[in-house]
>>> print(open('protein05.csv').read())   # CSV, C-alpha atoms (C1' of nucleotides)
chain,number,residue,atom,x,y,z
A,989,MET,CA,0.0,0.0,0.0
A,990,GLN,CA,2.8,2.3,0.8
A,991,ALA,CA,4.6,1.5,-2.4
A,992,HIS,CA,1.3,2.0,-4.2
A,993,ARG,CA,0.8,5.5,-2.7
A,994,ARG,CA,4.3,6.5,-3.4
A,995,THR,CA,4.1,5.4,-7.0
A,996,LEU,CA,0.9,7.4,-7.8
A,997,GLN,CA,2.4,10.4,-6.0
A,998,GLU,CA,5.5,9.9,-8.1
A,999,MET,CA,3.5,9.8,-11.3
A,1000,TYR,CA,1.9,13.1,-10.3
A,1001,ASP,CA,5.3,14.6,-9.5
A,1002,ALA,CA,6.6,13.5,-12.9
A,1003,MET,CA,3.7,14.9,-14.8
A,1004,LEU,CA,3.7,18.2,-12.9
A,1005,ALA,CA,7.5,18.5,-13.4
A,1006,ARG,CA,7.1,18.0,-17.1
A,1007,LEU,CA,3.9,19.8,-17.9
A,1008,GLY,CA,3.4,22.3,-15.0
A,1009,PRO,CA,0.1,23.4,-13.4
A,1010,GLN,CA,-2.8,23.1,-15.8
A,1011,HIS,CA,-4.9,25.9,-14.4
A,1012,TRP,CA,-8.2,24.1,-14.5
A,1013,TRP,CA,-11.2,25.1,-12.4
A,1014,PRO,CA,-11.5,27.0,-10.2
A,1015,ALA,CA,-8.6,29.1,-11.4
A,1016,GLU,CA,-10.6,30.9,-14.1
A,1017,ALA,CA,-14.2,30.8,-12.7
A,1018,GLY,CA,-13.4,31.2,-9.0
A,1019,ALA,CA,-15.1,28.6,-6.8
A,1020,ASP,CA,-15.1,31.0,-3.8
A,1021,SER,CA,-18.3,32.7,-5.2
A,1022,ALA,CA,-21.7,31.4,-6.0
A,1023,ALA,CA,-21.3,32.6,-9.5
A,1024,GLY,CA,-18.1,30.8,-9.9
A,1025,LYS,CA,-19.5,27.5,-8.6
A,1026,LEU,CA,-22.5,27.7,-10.9
A,1027,GLU,CA,-20.2,28.4,-13.9
A,1028,ILE,CA,-18.1,25.3,-13.0
A,1029,CYS,CA,-21.3,23.2,-12.8
A,1030,VAL,CA,-22.6,24.5,-16.1
A,1031,GLY,CA,-19.2,24.0,-17.7
A,1032,ALA,CA,-19.1,20.4,-16.4
A,1033,ILE,CA,-22.3,19.6,-18.2
A,1034,LEU,CA,-21.4,21.5,-21.4
A,1035,THR,CA,-18.1,19.8,-21.7
A,1036,GLN,CA,-19.5,16.3,-21.9
A,1037,ASN,CA,-17.7,14.7,-24.9
A,1038,THR,CA,-16.9,18.2,-26.1
A,1039,ASN,CA,-13.8,20.3,-26.7
A,1040,TRP,CA,-13.3,22.9,-23.9
A,1041,GLY,CA,-12.8,25.7,-26.4
A,1042,ASN,CA,-16.4,25.2,-27.7
A,1043,VAL,CA,-17.7,25.3,-24.1
A,1044,GLU,CA,-16.0,28.6,-23.5
A,1045,ARG,CA,-18.0,30.1,-26.3
A,1046,ALA,CA,-21.2,28.8,-24.9
A,1047,ILE,CA,-20.4,30.1,-21.5
A,1048,ALA,CA,-19.5,33.5,-23.0
A,1049,ASN,CA,-22.9,33.5,-24.7
A,1050,LEU,CA,-24.7,32.8,-21.4
A,1051,ARG,CA,-22.7,35.5,-19.7
A,1052,SER,CA,-23.4,38.1,-22.4
A,1053,ALA,CA,-27.1,37.2,-22.2
A,1054,GLY,CA,-26.9,37.8,-18.4
A,1055,ALA,CA,-28.1,34.2,-18.0
A,1056,LEU,CA,-25.2,32.7,-16.1
A,1057,ASP,CA,-27.1,32.3,-12.9
A,1058,VAL,CA,-29.7,30.0,-11.4
A,1059,ALA,CA,-32.6,32.3,-11.9
A,1060,GLY,CA,-31.6,33.2,-15.4
A,1061,ILE,CA,-31.3,29.7,-16.7
A,1062,ASP,CA,-34.5,28.8,-14.8
A,1063,ALA,CA,-36.4,31.5,-16.5
A,1064,MET,CA,-35.2,30.7,-20.0
A,1065,GLY,CA,-37.1,28.7,-22.6
A,1066,HIS,CA,-35.6,25.6,-24.1
A,1067,ALA,CA,-35.1,27.1,-27.6
A,1068,GLU,CA,-33.5,30.3,-26.2
A,1069,LEU,CA,-31.1,28.3,-24.0
A,1070,ALA,CA,-30.3,25.8,-26.7
A,1071,GLU,CA,-29.4,28.6,-29.0
A,1072,LEU,CA,-27.0,30.2,-26.5
A,1073,ILE,CA,-25.2,27.0,-25.9
A,1074,ARG,CA,-25.1,25.9,-29.5
A,1075,PRO,CA,-21.3,26.1,-29.9
A,1076,ALA,CA,-20.9,23.4,-27.2
A,1077,GLY,CA,-22.6,20.9,-29.4
A,1078,TYR,CA,-25.5,18.5,-28.5
A,1079,PHE,CA,-27.3,21.7,-27.6
A,1080,ASN,CA,-30.7,20.2,-27.4
A,1081,VAL,CA,-29.8,17.5,-24.9
A,1082,LYS,CA,-27.5,19.8,-23.0
A,1083,ALA,CA,-30.2,22.5,-22.7
A,1084,LYS,CA,-32.4,19.8,-21.0
A,1085,ARG,CA,-29.6,18.7,-18.8
A,1086,LEU,CA,-28.8,22.2,-17.7
A,1087,LYS,CA,-32.5,22.7,-16.9
A,1088,ASN,CA,-32.6,19.4,-15.0
A,1089,PHE,CA,-29.7,20.5,-12.9
A,1090,ILE,CA,-31.0,24.0,-12.3
A,1091,ARG,CA,-34.4,22.5,-11.3
A,1092,ALA,CA,-32.6,20.4,-8.7
A,1093,VAL,CA,-30.9,23.5,-7.3
A,1094,THR,CA,-34.2,25.4,-7.3
A,1095,GLU,CA,-36.1,22.7,-5.6
A,1096,ALA,CA,-33.4,22.7,-2.9
A,1097,GLY,CA,-33.9,26.4,-2.4
A,1098,GLY,CA,-32.2,28.0,-5.4
A,1099,ASP,CA,-28.9,28.7,-3.7
A,1100,ILE,CA,-26.1,26.8,-5.5
A,1101,GLU,CA,-23.7,27.1,-2.5
A,1102,ALA,CA,-26.4,25.6,-0.2
A,1103,PHE,CA,-27.1,22.9,-2.7
A,1104,LEU,CA,-23.5,21.9,-2.8
A,1105,ASP,CA,-23.1,22.2,1.0
A,1106,ARG,CA,-23.8,18.7,2.2
A,1107,PRO,CA,-21.8,15.5,2.9
A,1108,THR,CA,-19.9,14.4,-0.1
A,1109,ASP,CA,-21.6,11.0,-0.5
A,1110,GLU,CA,-25.0,12.7,-0.2
A,1111,LEU,CA,-23.9,15.4,-2.7
A,1112,ARG,CA,-22.8,12.8,-5.2
A,1113,GLU,CA,-26.1,11.0,-4.9
A,1114,ALA,CA,-28.1,14.2,-5.4
A,1115,LEU,CA,-26.1,15.1,-8.5
A,1116,LEU,CA,-26.4,11.6,-10.0
A,1117,ALA,CA,-30.1,11.8,-9.5
A,1118,VAL,CA,-30.2,14.6,-12.1
A,1119,SER,CA,-30.8,13.2,-15.6
A,1120,GLY,CA,-27.8,14.2,-17.6
A,1121,VAL,CA,-25.3,14.2,-14.8
A,1122,GLY,CA,-23.3,11.0,-14.8
A,1123,ARG,CA,-20.4,9.9,-12.6
A,1124,GLU,CA,-17.7,12.1,-14.2
A,1125,THR,CA,-19.9,15.2,-14.3
A,1126,ALA,CA,-21.0,14.6,-10.7
A,1127,ASP,CA,-17.4,14.1,-9.5
A,1128,SER,CA,-16.3,17.1,-11.5
A,1129,MET,CA,-18.9,19.3,-9.8
A,1130,ALA,CA,-18.0,17.8,-6.3
A,1131,LEU,CA,-14.3,18.4,-6.8
A,1132,TYR,CA,-14.0,21.6,-8.8
A,1133,ALA,CA,-17.1,23.5,-7.6
A,1134,ALA,CA,-17.5,22.1,-4.1
A,1135,GLY,CA,-13.9,21.5,-3.4
A,1136,ARG,CA,-14.4,17.9,-2.2
A,1137,ALA,CA,-11.5,15.3,-2.4
A,1138,THR,CA,-13.3,13.1,-4.8
A,1139,PHE,CA,-11.3,11.8,-7.8
A,1140,VAL,CA,-12.6,12.4,-11.3
A,1141,VAL,CA,-12.1,9.6,-13.8
A,1142,ASP,CA,-12.6,10.2,-17.5
A,1143,ALA,CA,-11.7,8.6,-20.8
A,1144,TYR,CA,-8.2,10.0,-20.7
A,1145,THR,CA,-7.6,8.6,-17.2
A,1146,ALA,CA,-8.6,5.1,-18.3
A,1147,ARG,CA,-6.6,5.3,-21.5
A,1148,VAL,CA,-3.5,6.6,-19.9
A,1149,LEU,CA,-3.6,3.9,-17.2
A,1150,LEU,CA,-4.4,1.2,-19.8
A,1151,ARG,CA,-1.6,2.3,-22.2
A,1152,HIS,CA,0.9,1.9,-19.3
A,1153,ALA,CA,-0.6,-1.4,-18.4
A,1154,LEU,CA,-1.5,-0.1,-14.9
A,1155,VAL,CA,-5.1,-1.3,-15.0
A,1156,ASP,CA,-7.0,-4.1,-16.7
A,1157,GLU,CA,-8.9,-3.3,-19.9
A,1158,ASP,CA,-12.2,-4.0,-18.1
A,1159,ALA,CA,-11.5,-1.7,-15.1
A,1160,ASN,CA,-14.7,0.3,-14.5
A,1161,TYR,CA,-15.1,3.9,-13.3
A,1162,GLU,CA,-15.5,3.1,-9.6
A,1163,GLN,CA,-12.5,0.8,-9.6
A,1164,ILE,CA,-10.2,3.4,-11.2
A,1165,LYS,CA,-11.6,6.1,-8.9
A,1166,GLU,CA,-11.0,4.0,-5.8
A,1167,LEU,CA,-7.5,3.2,-7.0
A,1168,PHE,CA,-6.5,6.9,-6.7
A,1169,GLU,CA,-8.5,7.6,-3.6
A,1170,ALA,CA,-7.1,4.7,-1.7
A,1171,ALA,CA,-3.5,5.5,-2.7
A,1172,LEU,CA,-3.4,9.3,-2.4
A,1173,PRO,CA,-4.0,11.6,0.6
A,1174,ALA,CA,-7.6,13.0,0.4
A,1175,ASP,CA,-6.6,16.4,-0.9
A,1176,ALA,CA,-8.9,18.3,-3.2
A,1177,ASP,CA,-6.1,20.4,-4.6
A,1178,LEU,CA,-4.1,17.3,-5.4
A,1179,PHE,CA,-7.0,15.6,-7.1
A,1180,ASN,CA,-7.8,18.7,-9.0
A,1181,GLU,CA,-4.4,19.0,-10.5
A,1182,TYR,CA,-3.9,15.2,-10.9
A,1183,HIS,CA,-7.0,14.9,-13.1
A,1184,ALA,CA,-6.0,17.9,-15.2
A,1185,LEU,CA,-2.5,16.5,-15.7
A,1186,LEU,CA,-3.8,13.1,-16.7
A,1187,VAL,CA,-5.9,14.9,-19.4
A,1188,ALA,CA,-2.9,16.8,-20.6
A,1189,VAL,CA,-0.8,13.6,-20.8
A,1190,GLY,CA,-3.7,11.9,-22.6
A,1191,LYS,CA,-4.0,14.6,-25.2
A,1192,ARG,CA,-0.2,14.9,-25.8
A,1193,TYR,CA,1.2,11.5,-25.3
A,1194,CYS,CA,-1.6,8.9,-25.3
A,1195,ARG,CA,-3.8,9.9,-28.2
A,1196,LYS,CA,-6.2,7.4,-29.7
A,1197,ARG,CA,-4.1,7.6,-32.9
A,1198,GLY,CA,-0.6,8.8,-33.6
A,1199,PRO,CA,2.7,8.2,-31.8
A,1200,LEU,CA,2.4,5.9,-28.9
A,1201,CYS,CA,3.8,7.3,-25.6
A,1202,ASP,CA,6.7,9.0,-27.3
A,1203,ASP,CA,8.6,10.8,-24.6
A,1204,CYS,CA,5.6,10.4,-22.2
A,1205,PRO,CA,6.4,11.6,-18.7
A,1206,LEU,CA,4.8,8.3,-17.4
A,1207,THR,CA,6.8,5.9,-19.5
A,1208,ALA,CA,9.0,4.9,-16.5
A,1209,PHE,CA,5.9,3.9,-14.7
A,1210,ALA,CA,4.6,1.5,-17.3
A,1211,HIS,CA,3.9,-2.1,-16.1
A,1212,ASP,CA,4.4,-1.0,-12.5
A,1213,ALA,CA,3.1,-3.9,-10.5
A,1214,THR,CA,2.7,-1.9,-7.3
A,1215,LEU,CA,-0.6,-0.5,-8.7
A,1216,ASP,CA,-2.4,-3.8,-8.2
A,1217,PRO,CA,-4.7,-3.7,-5.2
B,1293,DT,C1',-10.9,15.3,-45.2
B,1294,DG,C1',-12.2,12.4,-41.3
B,1295,DC,C1',-11.4,12.2,-36.6
B,1296,DC,C1',-11.7,13.9,-32.2
B,1297,DA,C1',-13.4,16.4,-27.9
B,1298,DG,C1',-12.8,17.1,-19.9
B,1299,DG,C1',-20.4,11.7,-21.5
B,1300,DC,C1',-24.8,10.3,-20.8
B,1301,DC,C1',-29.3,8.4,-21.7
B,1302,DG,C1',-32.8,5.2,-23.3
B,1303,DG,C1',-34.1,1.3,-25.7
B,1304,DG,C1',-33.0,-3.2,-27.1
B,1305,DT,C1',-31.2,-7.8,-26.4
C,926,DA,C1',-26.0,-7.1,-17.2
C,927,DC,C1',-24.1,-5.5,-21.4
C,928,DC,C1',-24.4,-3.2,-26.1
C,929,DC,C1',-25.6,0.4,-29.2
C,930,DG,C1',-27.4,4.5,-31.5
C,931,DG,C1',-28.2,9.2,-30.9
C,932,DC,C1',-26.8,13.7,-29.8
C,933,DA,C1',-23.7,18.2,-32.9
C,934,DT,C1',-20.3,22.0,-33.0
C,935,DG,C1',-15.6,23.6,-34.1
C,936,DG,C1',-10.4,22.7,-34.6
C,937,DC,C1',-6.8,20.4,-36.7
>>> encode(input="protein05.csv", output="structure tokens")
Amino acid sequence: MQAHRRTLQEMYDAMLARLGPQHWWPAEAGADSAAGKLEICVGAILTQNTNWGNVERAIANLRSAGALDVAGIDAMGHAELAELIRPAGYFNVKAKRLKNFIRAVTEAGGDIEAFLDRPTDELREALLAVSGVGRETADSMALYAAGRATFVVDAYTARVLLRHALVDEDANYEQIKELFEAALPADADLFNEYHALLVAVGKRYCRKRGPLCDDCPLTAFAHDATLDP
DNA sequence: TGCCAGGCCGGGT
DNA sequence: ACCCGGCATGGC
């Protein structure tokens, strides 16, 4: 277990040393305010299977329309909301998902900070109860908006680990999540940067196509048996 | 040009 | 319990 912990921490150190801080949320939005938290939650939904650059345009549209708040989105019609978020793709389904999320917040009193302020397990459950909020989106909200030490797993995480033979091909979301949470100190700032770094490594060194792990910062960790539970 | 992006849902088997 | 089609824009 100790070797396990050290190895995952060393992987983090190696990625950070090579790539530097990734400046993900809440650096830009600011999770210290209600507006920042809502923006992170909205972004988490909009970025589902979508390039972040497109999400930024959608968020800019919402802000320009003065609609980047609970009441604003709640008051908007489907067509109007869908049009604003069009650049983010899947705009019809995402408009519904945003509405579903906002409805959950409204039904809990309408205060995003109060909505997020509950025990982490309970929060995750409440988020997963929203249609359109799956595990990654829920964990992203819990980590980046609510500041909880809950590890976010995504397609990059699974691919990077798989490419380095650190997990089985059939490892599921919860198993990979548990792998990190069991081996690392429960530190939201660490989890925040770790996830962002895994995404950066996935983009640059573990692409679906193209060069395989050429000069990847994690090459030295490939086939590391200490990651087995 | 085709492939990819910080997934998720609902229906079918 | 899995598998799959659908959803859609913008960048490289």
>>> interface_residues(input="protein05.csv", of="chain A", to="chain B", cutoff="9 Å", atoms="only C-alpha atoms (C1' of nucleotides)", output="PyMOL selection string")
chain A and resi 1032-1033+1035-1040+1119-1122+1124-1125+1142-1144+1184+1187+1196
>>> closest_residue(input="protein05.csv", among="A:Lys1082, A:His1152, A:Arg1106, A:Arg1051", to="chain C", atoms="only C-alpha atoms (C1' of nucleotides)")
A:Lys1082
>>> atom_distance(input="protein05.csv", atom1="atom CA of A:Pro1107", atom2="atom CA of A:Ala1134")
10.5 Å
>>> atom_distance(input="protein05.csv", atom1="atom CA of A:Ala1053", atom2="atom CA of A:Ala1092")
22.2 Å
>>> interface_residues(input="protein05.csv", of="chain C", to="chain A", cutoff="9 Å", atoms="all atoms listed in the file", output="PyMOL selection string")
chain C and resi 932-936
>>> atom_distance(input="protein05.csv", atom1="atom CA of A:Asn1088", atom2="atom CA of A:Leu1072")
16.7 Å
>>> residues_around(input="protein05.csv", residues="A:Asp1057", least_positions_apart="2", cutoff="9 Å", atoms="all atoms listed in the file", output="list in words")
Ala1022, Ala1023, Leu1026, Glu1027, Leu1050, Arg1051, Gly1054, Ala1055, Ala1059, Gly1060, Ile1061 and Asp1062 of chain A
>>> closest_residue(input="protein05.csv", among="A:Arg1123, A:His1011, A:Lys1084, A:Arg1195", to="A:His1183", atoms="all atoms listed in the file")
A:His1011
>>> closest_residue(input="protein05.csv", among="A:Asp1175, A:Glu1181, A:Asp1203, A:Glu1095", to="A:Leu1004", atoms="only C-alpha atoms")
A:Glu1181
>>> closest_residue(input="protein05.csv", among="A:Arg1006, A:Gly1024, A:Asn1180, A:Ile1047", to="A:Ser1128", atoms="only C-alpha atoms")
A:Asn1180
